[in-house]
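In what follows, a structure is listed as structure tokens, so that the remarks can point back to it.
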Amino acid sequence: MSIIDLPLLPLGKGRDLGTERGVECPGDLPSASDPTLVERARVAKEALGERLFVLGHHYQRDEVIQFADVTGDSFKLARDAAGRPAAEFIVFCGVHFMAESADILTAPEQKVILPDLAAGCSMADMARLAQVEDAWDALVDAGVAQDVVPVTYMNSSADIKAFCGRNGGVVCTSSNADAALEWAFAQKPDAPGGGKVLFFPDQHLGRNTAVLKMGLSLDDCVVWDPRQPNGGLSVEQLRDARMILWRGHCSVHGRFSADVIDELRAKDPDISILVHPECTHDVVLKADLVGSTEFIIKTIEAAPAGSSWAIGTELNLVKRLSQDHPDLSISFLDRNVCYCSTMNRIDLPHLVWALESLVDGVVVNQIEVDPDTERDAKVALERMLSLPGKSHRD
Ligand code: SF4
């Protein structure tokens with residue numbers, strides 16, 4: 001088994017195009033200070049008309065969101081794109097794994113474009129296929145692989161979704177992770193102790209779902225560290241565990257801390273704490289409400305006037321919620337400003353460059369998933385869509 005030394009998120013030049021790594025954008029980007037950028041984007045979009053469909057993830061900057069035909073979370077946006085077969089070009093203002101999901105779900109003739117190829121996801125980058133295959137081999141060697149179902153969060157690369165498809169596993173979102181775990185355990189009715197799940201890449205979503213929704217204990221969970229031999233776990237630990245959590249996390253949601261919640265409550269006892277399940281377990285335990293970005297948006301839309309909230313999710317979304325709901329007191333659940341740095345790489349200059357290139361007949365930054373990976377990833381996505389009674393929002 002090889003332990004691969006992977007620096008996280010090496011943004012910049014000439015990296016591995018097949019992954020979430022950063023790469024250089026070819027071509028001439030307009031200057032960020034060009035005062036005509038908004039008009040240039042509008043003109044290019046108008047010129048492309050129905051041939052173009054622009055997707056904007058909730059965590060994108062306002063300067064980009066203003067040009068989105070639809071906004072949403074990654075899976076909703078990929079499905080929205082699939083529902084627009086007349087659109088020849090899908091420009092995904094989001095990150096790399098999201099554009100891959102859109103490419104998987106759209107028709108072969110539709111071209112998915114990511115305006116800046118360096119817009120990866122640090123969490124998705126924490127689980128690489130070679131590492132996951134090494135981990136699976138180690139589970140085989142430990143004699144437990146036959147009891148394990150792999151479950152991957154939507155925020156993972158297409159080849160990890162395909163790995164799950166090939167190995168009897170499923171994709172989940174933050175809305176349906178409990179249904180996915182229930183389904184996964186049910187696949188191993190004869191396994192000792194009720195089966196196991198190998199969950200990646202986000203250990204926090206896996207732990208929060210297992211403990212708070214499935215009734216498992218923290219002792220049922222172990223963390224597989226891909227940088228350690230055998231994941232840093234003994235054979236006994238692997239045999240005893242129900243949840244084998246990949247050591248990955250979101251660099252944004254992992255920042256929120258329980259002591260800030262204590263401070264905010266001391267200042268305002270009526271404040272409600274609303275967080276995403278990618279936050280750490282101690283933060284989620286102290287929060288009043290926990291849910292996906294769509295859940296967070298709906299909760300704020302339904303909040304009574306005058307109520308006060310601290311929200312633990314990406315700052316662009318929190319800022320927009322605060323602007324859209326001036327009758328509420330909304331604060332960010334961190335002492336420091338924290339945007340998703342890779343989401344923020346999609347800015348107006350990159351969007352203008354991508355759109356004007358399309359007007360000129362040049363397709364730039366196309367994201368294409370190879371047919372074998374697409375086929376296997378679809379298997380895992382279709383299993384997710386068959387999960388009973390759940391929305392599929394992340
Ligand atoms: S917010 Fe976190 S999970 Fe989402 S794209 Fe950024 S790093 Fe990845």
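Labeling convention for the structure tokens: chains A, B, ... as they appear, residues from 1 per chain, ligands from 1 in order of appearance.
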Residues within 6 Å of stretch 190-198 of chain A, please, as a list in words. Count only C-alpha atoms; anything in the same chain fewer than 5 positions from it doesn't count. Asp147, Val148, Val149, Pro150, Phe185, Arg242, Met243 and Ile244 of chain A
Set out as JSON lines a contact list for stretch 90-121 of chain A and stretch 71-78 of chain A with a cut-off of 7 Å, giving each residue of stretch 90-121 of chain A that qualifies its closest atom pair and distance in Å to one decimal, counting only C-alpha atoms, ordered by chain and rising residue number.
{"residue": "A:Met98", "atom": "CA", "partner": "A:Ser74", "partner_atom": "CA", "distance": 5.6}
{"residue": "A:Ser101", "atom": "CA", "partner": "A:Ala78", "partner_atom": "CA", "distance": 6.1}
{"residue": "A:Ala102", "atom": "CA", "partner": "A:Ala78", "partner_atom": "CA", "distance": 4.2}
{"residue": "A:Leu105", "atom": "CA", "partner": "A:Ala78", "partner_atom": "CA", "distance": 6.6}
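Going from atom CA of A:Pro277 over to atom CA of A:Ile160, you cover 20.8 Å.
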Could you give me the residues within 10 Å of ligand 1, counting only C-alpha atoms and all ligand atoms, as a ChimeraX atom specification? /A:9,20,57-60,73-74,94-98,119-125,153-156,201-202,249-254,278,313-315,338-344,394
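Using only C-alpha atoms for every distance, the candidate list A:Asp34, A:Asp159, A:Glu46, A:Asp327 yields A:Glu46 as the residue closest to A:Leu358.
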Do you have the atom CA of A:Glu374-atom CA of A:Lys161 distance handy?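 Interatomic distance, atom CA of A:Glu374 to atom CA of A:Lys161: 8.9 Å.
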Of the candidates A:Glu39, A:Arg166, A:Ala145, A:Ala179, which shows the shortest atom-to-atom distance to A:Asp372, using only C-alpha atoms?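 Using only C-alpha atoms, the shortest distance to A:Asp372 belongs to A:Arg166.
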Excluding same-chain residues fewer than 2 positions from A:Ala68, what lies within 12 Å of it counting only C-alpha atoms, as a VMD selection string? chain A and resid 41 to 42 45 52 to 58 60 to 66 70 to 72 77 81 90 to 94 348 351
Give me, as a list in words, all polymer residues having an atom no more than 10 Å from A:Ser31, counting only C-alpha atoms and skipping those fewer than 6 positions away in the same chain.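 Selected residues are Leu37, Leu348, Pro349 and His350 of chain A.
Closest to A:Asp240 among A:Val211, A:Val337, A:Val144, A:Ala177 is A:Val144, based on only C-alpha atoms.
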Just want the 12 Å neighbourhood of A:Arg375, counted on only C-alpha atoms, with same-chain residues fewer than 2 positions away dropped. Output as an mmCIF file with C-alpha atoms, in the first residue's frame.
data_model
loop_
_atom_site.group_PDB
_atom_site.id
_atom_site.type_symbol
_atom_site.label_atom_id
_atom_site.label_comp_id
_atom_site.auth_asym_id
_atom_site.auth_seq_id
_atom_site.Cartn_x
_atom_site.Cartn_y
_atom_site.Cartn_z
ATOM 1 C CA SER A 101 -21.785 16.213 -11.409
ATOM 2 C CA ASP A 103 -21.494 16.777 -16.769
ATOM 3 C CA ILE A 104 -22.574 13.351 -15.482
ATOM 4 C CA LEU A 105 -26.259 14.305 -15.399
ATOM 5 C CA ALA A 158 -16.499 11.911 -9.894
ATOM 6 C CA ASP A 159 -14.030 9.024 -9.565
ATOM 7 C CA LYS A 161 -18.593 8.542 -6.720
ATOM 8 C CA ALA A 162 -17.727 5.934 -9.351
ATOM 9 C CA PHE A 163 -15.795 3.904 -6.753
ATOM 10 C CA CYS A 164 -18.971 3.822 -4.651
ATOM 11 C CA GLY A 165 -21.015 2.788 -7.670
ATOM 12 C CA ARG A 166 -18.622 -0.110 -8.376
ATOM 13 C CA VAL A 369 -15.965 13.031 -17.034
ATOM 14 C CA ASP A 370 -14.794 9.932 -18.908
ATOM 15 C CA PRO A 371 -17.565 7.472 -19.920
ATOM 16 C CA ASP A 372 -16.551 4.641 -17.521
ATOM 17 C CA THR A 373 -16.377 6.963 -14.534
ATOM 18 C CA ALA A 377 -20.886 7.369 -10.714
ATOM 19 C CA LYS A 378 -24.419 7.334 -12.122
ATOM 20 C CA VAL A 379 -25.030 3.976 -10.407
ATOM 21 C CA ALA A 380 -24.227 5.536 -7.014
ATOM 22 C CA LEU A 381 -26.252 8.672 -7.805
ATOM 23 C CA GLU A 382 -29.249 6.620 -8.906
#
